[in-house]
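Participant: My structure is below; once you've seen it, I'll send some questions.
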Amino acid sequence: MSRLMRQRVTAGGGTVEPSPEGFAQLFPFYFACDAGLVLTQAGPSLLRMASDVRVGTPLPDVFGFKRPAVELSPERLAAFAGSLVVLQHRPSGILMRGQFLATDGVAGWVFLGSPWFVNGEALEASGLDLDDFPPHDSIAELLLFGQTQQMAINDLRLMNERLERKRRQVEETEELYRAAISAANAVPYREDFTRDAFSYVGEGFAKLTGLEADQIKPSSLRALDEGSEDADTDPTLMQSGDRTTRRRREYRFVTPAGEERWFSDASVVVKSPAGTPLGAVGLLHDVTQKHASEAQLRQLASVAANTTSAVGITNARRQILWVNDAFTRLTGYSLEDVRGRLLREVVAGPLTDLGVIERGKEAMEAGQTFRGEYRLQRKDGGIVWIALDIQAVRDADGTISGFTAVGVDITAIKTYEQRLEQLTGELNAVLGVIPDGIVALTAQGGFAYCNAAFERLVGRRGDDLVQLDANGLDELIDSLCVPGERPARLLELSETEGDVLRFASPARTIARTVRTIKGESPAAQWHAFYLRDVTRETELDRMKSDFLTTAAHELRTPMSSVHGFAELLVSREFDTETRRTIARTIHRQSSLLVQMVNELLDLARIDAGRGRDFAMEVQPLSPIVNETAAALLIPDDPRRIDVVPAAGDSLRVNVDASKLRLAITNVIANAYKYSRGRGAIRLWLPTRTSTGRAEVGVRVQDEGVGMTPEQLGRIFDRFYRANPAEDVPGTGLGMTLVKEIVEAMHGSVEVKSEFGRGTTVTLWLPVAGP
Amino acid sequence: MYGLVNKAIEQMVCRDHGEAVWHAIKREAGVEVEAFVSNAAYPDDMTYRLVGAASKVLQTPAEEILNGFGEYWVLHTALESYGPLMRAHGKTAREFLLKLPQFHARVQMIFPELRPPEFECTDVTERSLVLHYRTPRPAGLEPFVEGLLRGIGEMFDTPLTIRRLEDRATGADHSVFHVSWAAG
């Protein structure tokens with residue numbers, strides 16, 4: 001055992017000398033070196049900690065001084081022997097805390113110490129554990145202490161974080177309260193009961209009351225309180241053992257300026273631990289506007305409840321909140337029946353027009369006013385019509401808070417309307433089919449109505465006419481009249497006389513009359529104008545008049561002759577030859593009269609019967625024509641009719657044979673009369689197709705005097721004679737009669753003539769068969 | 001009781017049930033401490049009230065809560081707070097258990113106000129030992145100790161079988177646990 005291992009420790013009066021193993025156990029990190037600082041011994045834990053610590057290794061190669069900060073040399077070491085020094089293991093950086101002691105006998109040094117760690121991680125990194133340290137070493141306590149300190153720091157950090165979080169929460173809450181108080185237009189306050197004084201008031205107190213807090217006592221502020229207090233006990237505060245009373249009241253206050261205000265005062269009474277009320281904290285809120293609104297609302301509610309109209313109030317989701325008694329009377333549904341139901345469900349049953357329901361829904365969604373007529377089924381099954389006015393109710397900020405619906409019973413009106421609509425429909429139907437034009441104007445001259453006949457008459461559509469007033473219609477009528485004519489103005493037209501308009505193109509004659517339809521007042525009168533197309537009647541009147549004049553004239557000529565010669569025979573004596581001559585004249589003129597009267601009668605019959613009295617029969621045409629031609633003998637004219645074979649000889653026609661003979665006779669007679677012994681008279685039956693119809697003609701051609709185009713144009717006029725010469729007898733009714741007969745048998749007459757060259761007349765008839 | 005214990009209860013409840021439940025437990029226990037200081041001493045009664053309130057709020061027997069808390073204490077609180085130091089106390093569950101008395105002696109040095117329990121190991125074999133548990137506190141914390149032991153076993157990946165040999169609740173002067181483990 002070296003001398004080093006025989007270090008002695010004096011304890012009490014004795015000496016304790018540990019064994020080498022005991023020494024190593026007490027100082028497991030010790031090492032020894034000689035005077036030249038070469039390592040000679042090392043403890044087991046040091047050897048485990050630093051593999052480079054070996055006997056024979058120069059100490060400065062492995063360790064250096066950390067404290068003192070000097071180079072490790074024999075001289076420096078000797079200078080600090082016995083003092084606390086800190087070595088640093090060069091490769092690992094681990095610090096060793098301890099002291100150098102000089103060894104007994106052999107010159108050298110022994111280091112007693114151990115590694116120094118300030119946290120568990122460093123210990124763990126060194127590869128050492130607590131078993132490497134002797135139990136008396138306080139490294140474990142040091143580490144524990146350090147860790148505890150770290151925990152304390154962590155606690156502080158955590159605590160700080162929580163405090164910070166709380167502070168933010170408090171700030172947010174405070175901000176929230178401030179905003180809420182500000183939004184509520186409220187002023188916070190604290191009052192002291194013992195002094196009847198405000199110990200704190202928030203911003204806006206002076207504006208609210210007109211006074212500073214020290215100018216008014218809480219009791220004075222509430223002097224006009226009419227006992228509206230509503231006190232209760234806060235259950236949440238009761239849980240923690242405190243009894244705190246909440247108070248809420250509304251009262252009137254008159255500011256020094258004489259302005260009346262209403263305050264809402266909500267407070268919490270603060271009590272001593274013994275339960276004595278000390279004061280209160282609360283919020284003062286100006287509810288003057290609300291009070292006024294509520295008063296107004298009460299009035300409106302009274303009106304709504306007592307009106308005879310049905311009234312319903314809904315929320316913004318259109319669910320019914322309230323209905324009045326009139327609503328119940330009208331619909332049969334009580335408030336209990338309809339509360340919470342959608343207004344639409346109640347008033348717009350399956351009987352209501354879907355368009356009305358949809359428009360009502362859209363208007364309500366858009367917050368617009370809507371008026372609609374709803375056909376509603378009452379609770380008892382009856383049907384009522386209601387005119388419903390729906391209006392949105394808005395908050396001060398414009399948000400829709402609900403709707404009001406006011407309904408009026410229009411069942412009777414709707415019944416009348418339906419009846420009126422039916423009557424109007426019937427009237428329109430009647431007016432639409434009558435041929436005469438009707439236009440109605442209001443008393444003020446506005447357009448009210450016209451029928452289809454009027455539209456046709458003036459050539460304008462109803463859509464255009466509704467734009468016109470009386471003046472516009474007058475101008476329209478003026479434009480239609482014959483130029484230069486200016487009929488009476490509509491509103492000046494005499495109800496008793498009316499007038500006649502002459503339209504230019506097409507030429508028409510319009511009889512116009514007016515009737516005034518009385519209204520409840522002169523302003524409610526209507527004027528109905530009746531326009532009748534009398535063109536045909538006028539023309540017929542004219543023709544009748546012309547005919548009578550002509551007929552009288554034509555009858556008078558032979559009659560005068562008969563009368564004159566008869567008078568001569570009566571008044572004078574003539575020889576036989578002269579009397580015979582006069583008698584022949586009388587006979588010829590009277591024959592003409594008879595023929596004229598017969599033809600007039602034939603025409604009258606045809607006009608009256610329009611062919612209905614014809615004895616129509618399908619028969620061959622050729623025999624009728626040949627017989628007629630053969631039977632016709634013209635006095636003093638030797639010519640015979642030259643009947644030419646033609647395509648139509650074999651065809652059949654549907655005709656009244658006797659009437660057709662009369663027509664053919666007239667045509668052939670004219671051919672004889674107007675060709676006076678010259679030229680041939682030919683007759684044949686041509687064929688043609690006209691507008692898809694097969695026709696056969698009876699054509700008579702002469703080579704006589706012919707006609708000018710003007711004469712040809714009037715050939716069918718009654719009593720018109722192209723050649724009225726005395727020597728050519730005739731009534732002027734022949735061709736008229738021919739035309740009437742042929743047309744009655746669905747045929748037509750074609751006349752071609754050239755003055756001085758002759759005339760060709762063809763009677764075209766529909767072919768009835770081969 | 002050491003604040004770290006109460007803090008550990010808080011952390012366990014918050015982890016498993018959320019902060020709202022923890023606040024409910026605190027209300028139930030009448031504990032108004034906002035945050036526990038780990039190294040400060042708190043009345044034992046506060047810890048007992050917290051455990052009682054947790055039992056009531058979570059509707060779980062107090063023993064079960066203490067058991068779970070013991071395990072949580074080792075695996076989270078102690079390891080997070082003294083991880084390296086605990087690992088420096090042994091490399092196996094057996095080593096660690098044998099040094100448990102020494103560890104508590106050191107804790108006592110650092111926290112003079114603390115009244116840590118006293119452990120003693122006897123009948124030590126390679127696969128078992130007998131652990132004596134002494135504490136000046138009232139009986140009832142034995143489930144907590146069992147939880148601690150289970151946590152130590154888990155820390156070293158060594159499932160421990162724990163059997164209570166003696167119990168203060170049944171009149172013994174201290175509680176005794178037989179702790180065994182599989183060879184390995």
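Identifiers in the structure tokens: chain A, B, ... in order shown; residue index from 1 per chain; ligand index from 1 in order shown.
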Within 9 Å of stretch 168-173 of chain B, counting only C-alpha atoms, which residues qualify if same-chain residues fewer than 5 places away don't, as JSON, numbers by chain?
Facilitator: {"B": [134, 138, 139, 140, 142]}
Participant: So which residues of stretch 152-379 of chain A fall under alpha helix (DSSP H) by DSSP, listed as a PyMOL selection string?
Facilitator: chain A and resi 152-183+205-209+218-221+235-239+288-306+325-331+335-338+343-347+354-365
Participant: Quick check: residues of chain B within 9 Å of chain A, only C-alpha atoms, returned as JSON, numbers by chain.
Facilitator: {"B": [34, 35, 36, 37, 38, 39, 81, 82, 83, 84, 85, 86, 87, 88, 89, 90, 103, 106, 107, 109, 110]}
Participant: May I have the selected residues written with N, CA and C atoms, as a PDB file, in the first residue's frame?
Facilitator:
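Contents of the output file out-v9.pdb:
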ATOM      1  N   GLU B  34     -55.634  28.963  -8.105  1.00  0.00           N
ATOM      2  CA  GLU B  34     -55.658  29.072  -9.564  1.00  0.00           C
ATOM      3  C   GLU B  34     -54.616  28.135 -10.177  1.00  0.00           C
ATOM      4  N   ALA B  35     -53.389  28.162  -9.598  1.00  0.00           N
ATOM      5  CA  ALA B  35     -52.322  27.295 -10.118  1.00  0.00           C
ATOM      6  C   ALA B  35     -51.445  26.853  -8.941  1.00  0.00           C
ATOM      7  N   PHE B  36     -51.115  25.564  -8.932  1.00  0.00           N
ATOM      8  CA  PHE B  36     -50.299  25.045  -7.838  1.00  0.00           C
ATOM      9  C   PHE B  36     -48.825  25.307  -8.116  1.00  0.00           C
ATOM     10  N   VAL B  37     -48.092  25.674  -7.035  1.00  0.00           N
ATOM     11  CA  VAL B  37     -46.640  25.842  -7.155  1.00  0.00           C
ATOM     12  C   VAL B  37     -46.021  24.496  -6.787  1.00  0.00           C
ATOM     13  N   SER B  38     -45.230  23.967  -7.699  1.00  0.00           N
ATOM     14  CA  SER B  38     -44.736  22.593  -7.548  1.00  0.00           C
ATOM     15  C   SER B  38     -44.007  22.368  -6.233  1.00  0.00           C
ATOM     16  N   ASN B  39     -43.182  23.322  -5.842  1.00  0.00           N
ATOM     17  CA  ASN B  39     -42.315  23.099  -4.692  1.00  0.00           C
ATOM     18  C   ASN B  39     -42.882  23.642  -3.392  1.00  0.00           C
ATOM     19  N   SER B  81     -40.361  15.745 -14.713  1.00  0.00           N
ATOM     20  CA  SER B  81     -39.685  16.670 -13.796  1.00  0.00           C
ATOM     21  C   SER B  81     -38.259  16.209 -13.464  1.00  0.00           C
ATOM     22  N   TYR B  82     -38.076  14.930 -13.255  1.00  0.00           N
ATOM     23  CA  TYR B  82     -36.770  14.422 -12.800  1.00  0.00           C
ATOM     24  C   TYR B  82     -36.269  13.295 -13.683  1.00  0.00           C
ATOM     25  N   GLY B  83     -36.612  13.304 -14.924  1.00  0.00           N
ATOM     26  CA  GLY B  83     -36.290  12.186 -15.815  1.00  0.00           C
ATOM     27  C   GLY B  83     -34.872  11.671 -15.688  1.00  0.00           C
ATOM     28  N   PRO B  84     -33.849  12.510 -15.995  1.00  0.00           N
ATOM     29  CA  PRO B  84     -32.469  12.022 -15.958  1.00  0.00           C
ATOM     30  C   PRO B  84     -32.068  11.535 -14.576  1.00  0.00           C
ATOM     31  N   LEU B  85     -32.560  12.274 -13.575  1.00  0.00           N
ATOM     32  CA  LEU B  85     -32.192  11.912 -12.201  1.00  0.00           C
ATOM     33  C   LEU B  85     -32.782  10.548 -11.847  1.00  0.00           C
ATOM     34  N   MET B  86     -34.024  10.314 -12.288  1.00  0.00           N
ATOM     35  CA  MET B  86     -34.646   9.031 -11.996  1.00  0.00           C
ATOM     36  C   MET B  86     -33.915   7.911 -12.717  1.00  0.00           C
ATOM     37  N   ARG B  87     -33.538   8.202 -13.955  1.00  0.00           N
ATOM     38  CA  ARG B  87     -32.828   7.160 -14.704  1.00  0.00           C
ATOM     39  C   ARG B  87     -31.455   6.896 -14.091  1.00  0.00           C
ATOM     40  N   ALA B  88     -30.889   7.928 -13.474  1.00  0.00           N
ATOM     41  CA  ALA B  88     -29.596   7.769 -12.829  1.00  0.00           C
ATOM     42  C   ALA B  88     -29.695   6.932 -11.557  1.00  0.00           C
ATOM     43  N   HIS B  89     -30.926   6.714 -11.109  1.00  0.00           N
ATOM     44  CA  HIS B  89     -31.113   5.942  -9.893  1.00  0.00           C
ATOM     45  C   HIS B  89     -31.183   4.446 -10.147  1.00  0.00           C
ATOM     46  N   GLY B  90     -31.074   4.034 -11.338  1.00  0.00           N
ATOM     47  CA  GLY B  90     -31.057   2.593 -11.577  1.00  0.00           C
ATOM     48  C   GLY B  90     -31.387   2.284 -13.001  1.00  0.00           C
ATOM     49  N   PHE B 103     -33.648   7.643  -2.385  1.00  0.00           N
ATOM     50  CA  PHE B 103     -34.204   8.746  -3.175  1.00  0.00           C
ATOM     51  C   PHE B 103     -35.066   9.646  -2.295  1.00  0.00           C
ATOM     52  N   ARG B 106     -33.139  11.855   0.014  1.00  0.00           N
ATOM     53  CA  ARG B 106     -32.595  13.037  -0.650  1.00  0.00           C
ATOM     54  C   ARG B 106     -33.676  14.113  -0.824  1.00  0.00           C
ATOM     55  N   VAL B 107     -34.864  13.654  -1.190  1.00  0.00           N
ATOM     56  CA  VAL B 107     -35.965  14.611  -1.370  1.00  0.00           C
ATOM     57  C   VAL B 107     -36.229  15.341  -0.054  1.00  0.00           C
ATOM     58  N   MET B 109     -34.104  16.056   2.123  1.00  0.00           N
ATOM     59  CA  MET B 109     -33.049  17.042   2.338  1.00  0.00           C
ATOM     60  C   MET B 109     -33.366  18.354   1.631  1.00  0.00           C
ATOM     61  N   ILE B 110     -33.903  18.220   0.459  1.00  0.00           N
ATOM     62  CA  ILE B 110     -34.179  19.412  -0.339  1.00  0.00           C
ATOM     63  C   ILE B 110     -35.419  20.140   0.182  1.00  0.00           C
TER      64      ILE B 110
END
Participant: Please list as a ChimeraX atom specification every residue within 6 Å of stretch 490-505 of chain A, counting only C-alpha atoms and excluding residues in the same chain fewer than 6 positions away.
Facilitator: /A:480-482,511-515
Participant: Can you work out which one of B:Pro117, B:Asp157, B:Leu50, B:Leu4 has the shortest atom-to-atom distance to B:His23, counting only C-alpha atoms?
Facilitator: B:Leu50
Participant: To one decimal place in Å, what is the distance between atom CA of A:Gln169 and atom CA of B:Glu10?
Facilitator: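 Pair atom CA of A:Gln169 / atom CA of B:Glu10 returns 21.4 Å.
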Participant: Find the residues around A:Leu354 up to 12 Å (only C-alpha atoms counted), leave out those fewer than 6 positions away in its own chain, and share them as a PyMOL selection string.
Facilitator: chain A and resi 344+348+360-361+372-375
Participant: Could you write out the selected residues, including N, CA and C atoms, as a PDB file, in the first residue's frame?
Facilitator:
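Printed below is again_14.pdb as written:
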ATOM      1  N   ARG A 344     -99.580  32.458 -44.866  1.00  0.00           N
ATOM      2  CA  ARG A 344     -99.941  31.938 -46.187  1.00  0.00           C
ATOM      3  C   ARG A 344    -100.820  30.690 -46.052  1.00  0.00           C
ATOM      4  N   ALA A 348    -104.263  31.591 -47.700  1.00  0.00           N
ATOM      5  CA  ALA A 348    -104.161  31.178 -49.098  1.00  0.00           C
ATOM      6  C   ALA A 348    -104.366  29.680 -49.202  1.00  0.00           C
ATOM      7  N   GLY A 360     -97.444  37.234 -53.502  1.00  0.00           N
ATOM      8  CA  GLY A 360     -97.471  37.630 -52.097  1.00  0.00           C
ATOM      9  C   GLY A 360     -96.224  37.148 -51.381  1.00  0.00           C
ATOM     10  N   LYS A 361     -95.833  35.905 -51.667  1.00  0.00           N
ATOM     11  CA  LYS A 361     -94.650  35.331 -51.020  1.00  0.00           C
ATOM     12  C   LYS A 361     -93.401  36.113 -51.432  1.00  0.00           C
ATOM     13  N   GLY A 372    -103.373  41.751 -52.329  1.00  0.00           N
ATOM     14  CA  GLY A 372    -103.868  40.640 -53.140  1.00  0.00           C
ATOM     15  C   GLY A 372    -105.248  40.225 -52.694  1.00  0.00           C
ATOM     16  N   GLU A 373    -105.961  39.576 -53.595  1.00  0.00           N
ATOM     17  CA  GLU A 373    -107.296  39.083 -53.269  1.00  0.00           C
ATOM     18  C   GLU A 373    -107.213  37.582 -53.090  1.00  0.00           C
ATOM     19  N   TYR A 374    -107.573  37.146 -51.925  1.00  0.00           N
ATOM     20  CA  TYR A 374    -107.444  35.734 -51.570  1.00  0.00           C
ATOM     21  C   TYR A 374    -108.836  35.111 -51.426  1.00  0.00           C
ATOM     22  N   ARG A 375    -108.987  33.947 -51.990  1.00  0.00           N
ATOM     23  CA  ARG A 375    -110.241  33.215 -51.823  1.00  0.00           C
ATOM     24  C   ARG A 375    -109.995  32.206 -50.717  1.00  0.00           C
TER      25      ARG A 375
END
Participant: Just the number, please: distance in Å from atom CA of A:Asn451 to atom CA of A:Asp464, one decimal.
Facilitator: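 We find that atom CA of A:Asn451 and atom CA of A:Asp464 lie 13.0 Å from each other.
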Participant: Using only C-alpha atoms, which protein or nucleic acid residues come within 9 Å of A:Leu651? Drop anything in the same chain fewer than 2 positions from it, and give the result as a PyMOL selection string.
Facilitator: chain A and resi 619-622+647-649+653+696+767-770
Participant: Restricting it to N, CA and C atoms, dump the selection as a compact mmCIF listing (two decimals), in the first residue's frame.
Facilitator:
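For reference, part.txt as written:
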# COMPACT_ATOMS: atom_id res chain seq x y z
N GLN A 619 -130.68 18.61 -118.66
CA GLN A 619 -131.22 18.23 -119.98
C GLN A 619 -130.23 18.65 -121.07
N PRO A 620 -130.36 18.05 -122.27
CA PRO A 620 -129.46 18.44 -123.37
C PRO A 620 -129.73 19.90 -123.75
N LEU A 621 -128.63 20.62 -124.00
CA LEU A 621 -128.75 22.05 -124.31
C LEU A 621 -129.19 22.27 -125.78
N SER A 622 -128.64 21.45 -126.63
CA SER A 622 -128.81 21.66 -128.07
C SER A 622 -130.28 21.76 -128.50
N ALA A 647 -118.65 22.08 -130.42
CA ALA A 647 -118.24 21.08 -129.41
C ALA A 647 -119.32 20.86 -128.36
N GLY A 648 -120.14 21.88 -128.12
CA GLY A 648 -121.11 21.75 -127.02
C GLY A 648 -122.44 21.18 -127.43
N ASP A 649 -122.55 20.71 -128.65
CA ASP A 649 -123.85 20.25 -129.13
C ASP A 649 -124.40 19.07 -128.33
N VAL A 653 -127.12 20.45 -119.61
CA VAL A 653 -127.03 21.54 -118.64
C VAL A 653 -128.20 21.44 -117.67
N VAL A 696 -120.42 25.39 -121.04
CA VAL A 696 -120.83 25.38 -122.45
C VAL A 696 -121.57 26.70 -122.72
N VAL A 767 -121.54 22.89 -117.29
CA VAL A 767 -121.87 21.60 -117.92
C VAL A 767 -122.36 20.65 -116.83
N ALA A 768 -123.51 20.01 -117.05
CA ALA A 768 -124.05 19.06 -116.07
C ALA A 768 -123.78 17.64 -116.48
N GLY A 769 -123.23 17.44 -117.68
CA GLY A 769 -122.92 16.06 -118.08
C GLY A 769 -122.87 15.99 -119.60
N PRO A 770 -122.35 14.92 -120.14
CA PRO A 770 -122.24 14.75 -121.59
C PRO A 770 -123.62 14.46 -122.21
Participant: List every residue of stretch 219-360 of chain A that DSSP, applied to the backbone of this structure, assigns to strand (DSSP E or B), and report them as JSON, numbers by chain.
Facilitator: {"A": [230, 231, 232, 233, 245, 246, 247, 248, 249, 250, 251, 252, 253, 254, 260, 261, 262, 263, 264, 265, 266, 267, 268, 269, 270, 271, 277, 278, 279, 280, 281, 282, 283, 284, 285, 286, 310, 311, 312, 313, 314, 315, 319, 320, 321, 322, 323, 342]}
Participant: Selected residues, N, CA and C atoms, written as a compact mmCIF listing (two decimals), in the first residue's frame, please.
Facilitator:
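The result, written out as result_34.txt:
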# COMPACT_ATOMS: atom_id res chain seq x y z
N ASP A 230 -88.69 45.98 -9.58
CA ASP A 230 -88.86 44.54 -9.75
C ASP A 230 -87.60 43.91 -9.19
N ALA A 231 -87.66 43.48 -7.95
CA ALA A 231 -86.47 42.97 -7.28
C ALA A 231 -86.48 41.46 -7.22
N ASP A 232 -85.32 40.88 -7.30
CA ASP A 232 -85.23 39.43 -7.10
C ASP A 232 -83.85 39.13 -6.52
N THR A 233 -83.63 37.86 -6.27
CA THR A 233 -82.36 37.48 -5.70
C THR A 233 -81.60 36.64 -6.70
N THR A 245 -79.30 41.34 -3.98
CA THR A 245 -80.60 41.62 -4.60
C THR A 245 -80.44 42.41 -5.87
N ARG A 246 -81.15 41.96 -6.87
CA ARG A 246 -81.14 42.70 -8.13
C ARG A 246 -82.37 43.58 -8.17
N ARG A 247 -82.22 44.75 -8.71
CA ARG A 247 -83.38 45.63 -8.83
C ARG A 247 -83.48 46.14 -10.26
N ARG A 248 -84.69 46.22 -10.74
CA ARG A 248 -84.90 46.79 -12.07
C ARG A 248 -86.15 47.65 -11.99
N ARG A 249 -86.06 48.86 -12.40
CA ARG A 249 -87.23 49.74 -12.36
C ARG A 249 -87.15 50.78 -13.48
N GLU A 250 -88.30 51.28 -13.82
CA GLU A 250 -88.37 52.34 -14.82
C GLU A 250 -89.07 53.53 -14.18
N TYR A 251 -88.52 54.70 -14.39
CA TYR A 251 -89.14 55.88 -13.78
C TYR A 251 -88.93 57.10 -14.66
N ARG A 252 -89.72 58.08 -14.35
CA ARG A 252 -89.72 59.33 -15.11
C ARG A 252 -88.78 60.31 -14.43
N PHE A 253 -88.12 61.14 -15.22
CA PHE A 253 -87.22 62.14 -14.64
C PHE A 253 -87.32 63.41 -15.48
N VAL A 254 -87.37 64.52 -14.79
CA VAL A 254 -87.43 65.80 -15.50
C VAL A 254 -86.08 66.49 -15.35
N GLU A 260 -88.70 65.91 -20.19
CA GLU A 260 -89.11 64.68 -19.49
C GLU A 260 -88.44 63.48 -20.13
N ARG A 261 -87.85 62.64 -19.28
CA ARG A 261 -87.19 61.44 -19.79
C ARG A 261 -87.61 60.24 -18.97
N TRP A 262 -87.51 59.08 -19.59
CA TRP A 262 -87.77 57.83 -18.87
C TRP A 262 -86.47 57.06 -18.79
N PHE A 263 -86.16 56.60 -17.55
CA PHE A 263 -84.93 55.82 -17.34
C PHE A 263 -85.28 54.39 -16.97
N SER A 264 -84.47 53.48 -17.51
CA SER A 264 -84.52 52.10 -17.03
C SER A 264 -83.30 51.95 -16.13
N ASP A 265 -83.51 51.51 -14.89
CA ASP A 265 -82.46 51.49 -13.88
C ASP A 265 -82.33 50.05 -13.37
N ALA A 266 -81.24 49.38 -13.79
CA ALA A 266 -81.03 47.99 -13.35
C ALA A 266 -79.80 47.97 -12.46
N SER A 267 -79.95 47.43 -11.26
CA SER A 267 -78.82 47.48 -10.33
C SER A 267 -78.77 46.22 -9.48
N VAL A 268 -77.61 46.04 -8.86
CA VAL A 268 -77.40 44.94 -7.93
C VAL A 268 -77.00 45.56 -6.60
N VAL A 269 -77.70 45.15 -5.54
CA VAL A 269 -77.42 45.71 -4.22
C VAL A 269 -76.25 44.97 -3.60
N VAL A 270 -75.28 45.74 -3.14
CA VAL A 270 -74.11 45.14 -2.50
C VAL A 270 -74.32 45.20 -0.99
N LYS A 271 -74.12 44.04 -0.33
CA LYS A 271 -74.39 43.98 1.11
C LYS A 271 -73.12 43.64 1.87
N PRO A 277 -77.41 46.20 3.50
CA PRO A 277 -77.19 46.82 2.19
C PRO A 277 -76.27 48.03 2.32
N LEU A 278 -75.22 48.01 1.53
CA LEU A 278 -74.25 49.11 1.59
C LEU A 278 -74.43 50.08 0.42
N GLY A 279 -74.75 49.52 -0.69
CA GLY A 279 -74.87 50.36 -1.88
C GLY A 279 -75.32 49.51 -3.05
N ALA A 280 -75.14 50.05 -4.21
CA ALA A 280 -75.56 49.31 -5.40
C ALA A 280 -74.71 49.72 -6.58
N VAL A 281 -74.55 48.79 -7.51
CA VAL A 281 -73.95 49.13 -8.79
C VAL A 281 -75.00 48.83 -9.86
N GLY A 282 -75.06 49.69 -10.85
CA GLY A 282 -76.13 49.47 -11.83
C GLY A 282 -75.89 50.20 -13.13
N LEU A 283 -76.87 50.09 -13.98
CA LEU A 283 -76.84 50.73 -15.30
C LEU A 283 -78.09 51.58 -15.47
N LEU A 284 -77.87 52.80 -15.93
CA LEU A 284 -78.97 53.72 -16.18
C LEU A 284 -79.14 53.84 -17.69
N HIS A 285 -80.36 53.70 -18.13
CA HIS A 285 -80.58 53.58 -19.57
C HIS A 285 -81.75 54.50 -19.96
N ASP A 286 -81.53 55.31 -20.99
CA ASP A 286 -82.59 56.22 -21.45
C ASP A 286 -83.58 55.43 -22.31
N ALA A 310 -110.07 42.69 -40.66
CA ALA A 310 -109.33 41.59 -40.04
C ALA A 310 -107.85 41.98 -40.01
N VAL A 311 -107.23 41.85 -38.84
CA VAL A 311 -105.83 42.24 -38.71
C VAL A 311 -105.05 41.05 -38.16
N GLY A 312 -103.90 40.80 -38.79
CA GLY A 312 -103.01 39.75 -38.31
C GLY A 312 -101.60 40.29 -38.23
N ILE A 313 -100.85 39.84 -37.24
CA ILE A 313 -99.45 40.27 -37.09
C ILE A 313 -98.60 39.02 -37.07
N THR A 314 -97.52 39.05 -37.85
CA THR A 314 -96.63 37.89 -37.89
C THR A 314 -95.22 38.31 -37.47
N ASN A 315 -94.39 37.28 -37.23
CA ASN A 315 -92.97 37.57 -37.01
C ASN A 315 -92.27 37.62 -38.37
N GLN A 319 -94.81 33.80 -39.35
CA GLN A 319 -95.67 32.98 -38.50
C GLN A 319 -96.58 33.92 -37.71
N ILE A 320 -97.85 33.57 -37.63
CA ILE A 320 -98.83 34.45 -37.01
C ILE A 320 -98.59 34.54 -35.50
N LEU A 321 -98.55 35.80 -35.03
CA LEU A 321 -98.37 36.03 -33.59
C LEU A 321 -99.68 36.45 -32.96
N TRP A 322 -100.49 37.20 -33.72
CA TRP A 322 -101.71 37.76 -33.15
C TRP A 322 -102.71 38.04 -34.26
N VAL A 323 -103.99 37.82 -33.95
CA VAL A 323 -105.06 38.23 -34.86
C VAL A 323 -106.15 38.89 -34.03
N LEU A 342 -98.10 29.64 -40.54
CA LEU A 342 -97.72 30.61 -41.56
C LEU A 342 -98.97 31.32 -42.05
Participant: Can you tell me, as a ChimeraX atom specification, what residues are no more than 10 Å from B:Gly30 when counting only C-alpha atoms, ignoring any on the same chain fewer than 4 positions away?
Facilitator: /B:24-26,46,49-50,53
Participant: Which residues come within 12 Å of B:Asp45, counting only C-alpha atoms, excluding same-chain residues fewer than 6 positions away, as an MDAnalysis selection string?
Facilitator: chainID B and resid 1:2 6 29:31 51:53 137:138
Participant: Have a look at atom CA of A:Gln299 and atom CA of A:Ala392 and let me know their distance in Å, one decimal.
Facilitator: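 Straight-line distance from atom CA of A:Gln299 to atom CA of A:Ala392 works out to 19.1 Å.
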Participant: Using only C-alpha atoms for the distances, tell me which of B:Tyr42, B:Tyr48, B:Phe156, B:Phe69 is nearest to B:Met12.
Facilitator: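 When distances to B:Met12 are compared using only C-alpha atoms, the smallest one comes from B:Phe69.
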